[in-house]
$ cat run-v4.tsv   # TSV, C-alpha atoms
chain	number	residue	atom	x	y	z
Z	26	MET	CA	95.46	98.09	62.58
Z	27	PHE	CA	98.97	99.44	63.11
Z	28	PRO	CA	101.75	97.31	61.57
Z	29	GLY	CA	105.16	97.39	63.24
Z	30	THR	CA	106.55	98.51	66.57
Z	31	LEU	CA	105.43	101.50	68.60
Z	32	VAL	CA	108.37	102.98	70.58
Z	33	ILE	CA	108.11	105.39	73.50
Z	34	ALA	CA	111.55	106.91	74.21
Z	35	PRO	CA	112.61	109.26	77.05
Z	36	GLU	CA	111.66	112.36	75.05
Z	37	ASP	CA	108.15	110.91	74.58
Z	38	ALA	CA	107.48	110.28	78.28
Z	39	GLY	CA	104.39	111.53	80.03
Z	40	THR	CA	103.67	112.20	83.69
Z	41	ARG	CA	101.23	110.89	86.26
Z	42	ARG	CA	98.94	113.86	85.60
Z	43	ARG	CA	99.43	113.84	81.82
Z	44	PRO	CA	100.33	110.32	80.73
Z	45	VAL	CA	100.98	109.24	77.18
Z	46	LYS	CA	97.91	107.17	76.30
Z	47	ILE	CA	98.07	104.33	73.82
Z	48	ARG	CA	94.56	103.02	73.30
Z	49	SER	CA	91.74	102.25	70.92
Z	50	PHE	CA	89.73	105.15	69.58
Z	51	GLY	CA	86.22	104.97	68.20
Z	52	GLY	CA	84.45	101.63	67.74
Z	53	GLY	CA	86.16	98.32	68.29
Z	54	ARG	CA	89.61	97.40	69.55
Z	55	ALA	CA	92.74	98.56	67.81
Z	56	THR	CA	95.38	95.98	66.89
Z	57	ILE	CA	99.13	96.44	66.80
Z	58	ASP	CA	100.48	93.78	64.45
Z	59	ALA	CA	104.17	93.45	65.30
Z	60	GLY	CA	104.99	90.66	62.85
Z	61	THR	CA	108.44	89.38	63.86
Z	62	GLY	CA	109.29	92.39	66.07
Z	63	ARG	CA	108.15	94.00	69.31
Z	64	GLY	CA	104.65	95.37	69.66
Z	65	ILE	CA	105.17	98.28	72.08
Z	66	PHE	CA	108.54	99.18	73.60
Z	67	VAL	CA	108.84	101.80	76.36
Z	68	ASN	CA	112.50	102.65	77.00
Z	69	ASP	CA	113.61	104.80	79.96
Z	70	ALA	CA	110.22	106.47	80.22
Z	71	GLY	CA	107.28	106.63	82.59
Z	72	GLY	CA	103.91	108.30	82.48
Z	73	VAL	CA	102.57	105.70	80.03
Z	74	SER	CA	99.10	104.14	79.87
Z	75	ILE	CA	98.28	101.29	77.46
Z	76	GLU	CA	94.63	100.30	77.32
Z	77	GLY	CA	92.08	98.39	75.27
Z	78	LEU	CA	94.38	96.96	72.59
Z	79	ASP	CA	95.22	93.69	70.91
Z	80	VAL	CA	98.98	93.29	70.40
Z	81	VAL	CA	99.89	90.37	68.15
Z	82	GLY	CA	103.12	88.85	66.91
Z	83	ALA	CA	103.76	86.31	64.15
Z	84	GLY	CA	104.64	83.56	66.66
Z	85	ARG	CA	107.97	81.90	67.39
Z	86	ALA	CA	107.50	79.36	64.60
Z	87	ASN	CA	107.28	82.29	62.17
Z	88	GLY	CA	110.40	84.05	63.47
Z	89	ASN	CA	109.19	86.25	66.32
Z	90	ARG	CA	111.72	86.32	69.20
Z	91	ALA	CA	110.58	89.61	70.77
Z	92	ASP	CA	108.35	90.68	73.66
Z	93	GLY	CA	104.86	91.99	72.99
Z	94	ILE	CA	104.82	94.94	75.40
Z	95	GLY	CA	108.12	95.82	77.06
Z	96	PHE	CA	109.08	98.45	79.63
Z	97	TYR	CA	112.87	98.68	80.04
Z	98	SER	CA	115.25	100.93	81.97
Z	99	ASP	CA	119.02	101.01	81.62
Z	100	VAL	CA	119.73	104.34	83.30
Z	101	ALA	CA	122.88	103.92	85.41
Z	102	VAL	CA	121.96	106.54	88.02
Z	103	PRO	CA	121.37	104.76	91.36
Z	104	SER	CA	117.72	104.46	92.44
Z	105	THR	CA	116.33	105.85	89.19
Z	106	ARG	CA	112.62	105.02	88.99
Z	107	PHE	CA	110.28	105.90	86.14
Z	108	GLU	CA	106.88	106.64	87.62
Z	109	TYR	CA	103.41	105.65	86.47
Z	110	VAL	CA	102.97	102.60	84.26
Z	111	ARG	CA	99.50	101.30	83.40
Z	112	VAL	CA	98.52	98.34	81.26
Z	113	LYS	CA	94.80	97.63	81.26
Z	114	ASN	CA	92.42	95.47	79.24
Z	115	VAL	CA	94.94	94.23	76.67
Z	116	ASP	CA	95.35	90.94	74.82
Z	117	VAL	CA	98.96	90.05	73.93
Z	118	SER	CA	99.77	86.93	71.91
Z	119	GLY	CA	102.09	85.40	69.35
Z	120	PHE	CA	105.44	86.58	70.69
Z	121	GLY	CA	108.58	84.47	70.86
Z	122	GLY	CA	109.62	86.19	74.08
Z	123	VAL	CA	107.31	87.44	76.81
Z	124	GLY	CA	103.80	88.84	76.43
Z	125	VAL	CA	104.40	91.77	78.83
Z	126	SER	CA	107.78	92.50	80.44
Z	127	LEU	CA	108.91	95.15	82.90
Z	128	GLY	CA	112.44	95.51	84.17
Z	129	GLY	CA	115.84	96.98	83.83
Z	130	TYR	CA	119.51	96.50	84.14
Z	131	ALA	CA	122.37	98.99	84.35
Z	132	THR	CA	125.93	99.02	85.68
Z	133	ASP	CA	128.13	101.76	87.11
Z	134	ALA	CA	131.60	102.63	85.81
Z	135	GLY	CA	133.04	99.73	87.82
Z	136	GLY	CA	130.66	97.22	86.25
Z	137	ARG	CA	128.55	96.79	89.39
Z	138	PRO	CA	124.74	96.59	89.00
Z	139	VAL	CA	122.78	99.76	89.72
Z	140	LYS	CA	119.14	99.78	90.85
Z	141	THR	CA	116.95	101.14	88.08
Z	142	GLY	CA	113.38	100.53	87.07
Z	143	PHE	CA	109.80	101.64	87.60
Z	144	THR	CA	107.43	102.64	90.38
Z	145	ASP	CA	103.63	102.88	90.63
Z	146	VAL	CA	103.06	100.03	88.16
Z	147	ARG	CA	99.63	98.49	87.60
Z	148	PHE	CA	98.66	95.69	85.23
Z	149	TRP	CA	95.07	94.49	85.21
Z	150	ARG	CA	92.84	92.53	82.88
Z	151	VAL	CA	95.91	91.51	80.87
Z	152	ASN	CA	95.42	88.39	78.76
Z	153	ALA	CA	98.95	87.31	77.79
Z	154	HIS	CA	98.71	83.95	76.03
Z	155	ASP	CA	100.44	81.88	73.36
Z	156	ASN	CA	103.77	83.59	73.99
Z	157	ALA	CA	106.82	81.31	73.99
Z	158	ASP	CA	108.76	82.35	77.12
Z	159	ALA	CA	106.19	83.75	79.55
Z	160	GLY	CA	102.95	85.66	79.88
Z	161	ILE	CA	104.08	88.44	82.25
Z	162	LEU	CA	107.64	88.93	83.55
Z	163	SER	CA	109.29	91.49	85.83
Z	164	TYR	CA	113.03	91.51	86.49
Z	165	GLY	CA	115.97	93.57	87.70
Z	166	PRO	CA	119.31	93.38	89.49
Z	167	TYR	CA	119.39	91.86	92.94
Z	168	GLY	CA	122.08	91.48	95.55
Z	169	THR	CA	123.82	93.12	98.44
Z	170	ASP	CA	126.30	94.84	96.14
Z	171	VAL	CA	123.62	96.53	94.00
Z	172	GLY	CA	123.85	100.33	94.26
$ encode --input "run-v4.tsv" --output "structure tokens"
Amino acid sequence: MFPGTLVIAPEDAGTRRRPVKIRSFGGGRATIDAGTGRGIFVNDAGGVSIEGLDVVGAGRANGNRADGIGFYSDVAVPSTRFEYVRVKNVDVSGFGGVGVSLGGYATDAGGRPVKTGFTDVRFWRVNAHDNADAGILSYGPYGTDVG
């Protein structure tokens, strides 16, 4: 068991050919016990594979307001896309936010939204349950004025 939050930042990013792999090793499934925080947070990075884990939070009633597994981009360079995201065979529960979220939001110098986010994303065999806001959520800026 790993207590706390696992963070993958831009300098930790992998690639399609050499992704960062977060998974169980040896016998049994590994558990990330986030308590009242996030389980896994990937910020402005791609080339990440998460597989064969249980990610648990303390539950909203016990003070958790975070997402279990979150991929987020706030790079304000138009059409920035972080490539290669995989989430496979995971169980995510007990979060006050969303079980698994993927999205981004950024603005240019004038305050207008800029398209940012991820490409080549695959989630399968994800069991996201007993999370307060949603099981799986994707989001981003939308509109005719988005750069």
$ residues_around --input "run-v4.tsv" --residues "Gly72 in chain Z" --least-positions-apart "5" --cutoff "6 Å" --atoms "only C-alpha atoms" --output "list in words"
Ala38, Gly39, Thr40, Arg41, Pro44 and Tyr109 of chain Z
$ closest_atom_pairs --input "run-v4.tsv" --of "range 119-147 of chain Z" --to "range 57-65 of chain Z" --cutoff "12 Å" --atoms "all atoms listed in the file" --output "CSV"
residue,atom,partner,partner_atom,distance
Z:Gly119,CA,Z:Gly60,CA,8.9
Z:Phe120,CA,Z:Thr61,CA,8.0
Z:Gly121,CA,Z:Thr61,CA,8.6
Z:Gly122,CA,Z:Arg63,CA,9.3
Z:Val123,CA,Z:Arg63,CA,10.0
Z:Gly124,CA,Z:Gly64,CA,9.4
Z:Val125,CA,Z:Ile65,CA,9.4
Z:Ser126,CA,Z:Ile65,CA,10.5
Z:Leu127,CA,Z:Ile65,CA,11.9
$ atom_distance --input "run-v4.tsv" --atom1 "CA of Ala83 in chain Z" --atom2 "CA of Phe143 in chain Z"
28.7 Å
$ atom_distance --input "run-v4.tsv" --atom1 "CA of Asp79 in chain Z" --atom2 "CA of Thr141 in chain Z"
28.7 Å
$ residues_around --input "run-v4.tsv" --residues "Phe66 in chain Z" --least-positions-apart "2" --cutoff "12 Å" --atoms "all atoms listed in the file" --output "count of residues only"
34
$ residues_around --input "run-v4.tsv" --residues "range 134-140 of chain Z" --least-positions-apart "2" --cutoff "7 Å" --atoms "only C-alpha atoms" --output "short mmCIF file (atom, residue, chain, number, x, y, z; two decimals) with C-alpha atoms, in the coordinates of the input"
data_model
loop_
_atom_site.label_atom_id
_atom_site.label_comp_id
_atom_site.auth_asym_id
_atom_site.auth_seq_id
_atom_site.Cartn_x
_atom_site.Cartn_y
_atom_site.Cartn_z
CA ALA Z 101 122.88 103.92 85.41
CA PRO Z 103 121.37 104.76 91.36
CA SER Z 104 117.72 104.46 92.44
CA THR Z 105 116.33 105.85 89.19
CA ALA Z 131 122.37 98.99 84.35
CA THR Z 132 125.93 99.02 85.68
CA GLY Z 142 113.38 100.53 87.07
CA PRO Z 166 119.31 93.38 89.49
CA VAL Z 171 123.62 96.53 94.00
CA GLY Z 172 123.85 100.33 94.26
#
$ atom_distance --input "run-v4.tsv" --atom1 "CA of Asp155 in chain Z" --atom2 "CA of Gly51 in chain Z"
27.6 Å
$ closest_residue --input "run-v4.tsv" --among "Z:Val151, Z:Ala159, Z:Val110, Z:Val81" --to "Met26 in chain Z" --atoms "all atoms listed in the file"
Z:Val81
$ closest_residue --input "run-v4.tsv" --among "Z:Ala86, Z:Val146, Z:Val102, Z:Ala157" --to "Ser118 in chain Z" --atoms "all atoms listed in the file"
Z:Ala157
$ closest_residue --input "run-v4.tsv" --among "Z:Tyr130, Z:Phe148, Z:Phe27, Z:Phe50" --to "Arg111 in chain Z" --atoms "all atoms listed in the file"
Z:Phe148
$ residues_near_point --input "run-v4.tsv" --point "(89.2, 95.0, 74.1)" --cutoff "12 Å" --atoms "all atoms listed in the file" --output "list in words"
Arg48, Ser49, Phe50, Gly51, Gly52, Gly53, Arg54, Ala55, Thr56, Ile75, Glu76, Gly77, Leu78, Asp79, Val80, Lys113, Asn114, Val115, Asp116, Val117, Arg150, Val151 and Asn152 of chain Z
$ closest_residue --input "run-v4.tsv" --among "Z:Gly165, Z:Arg85, Z:Pro28, Z:Gly129" --to "Asp99 in chain Z" --atoms "only C-alpha atoms"
Z:Gly129
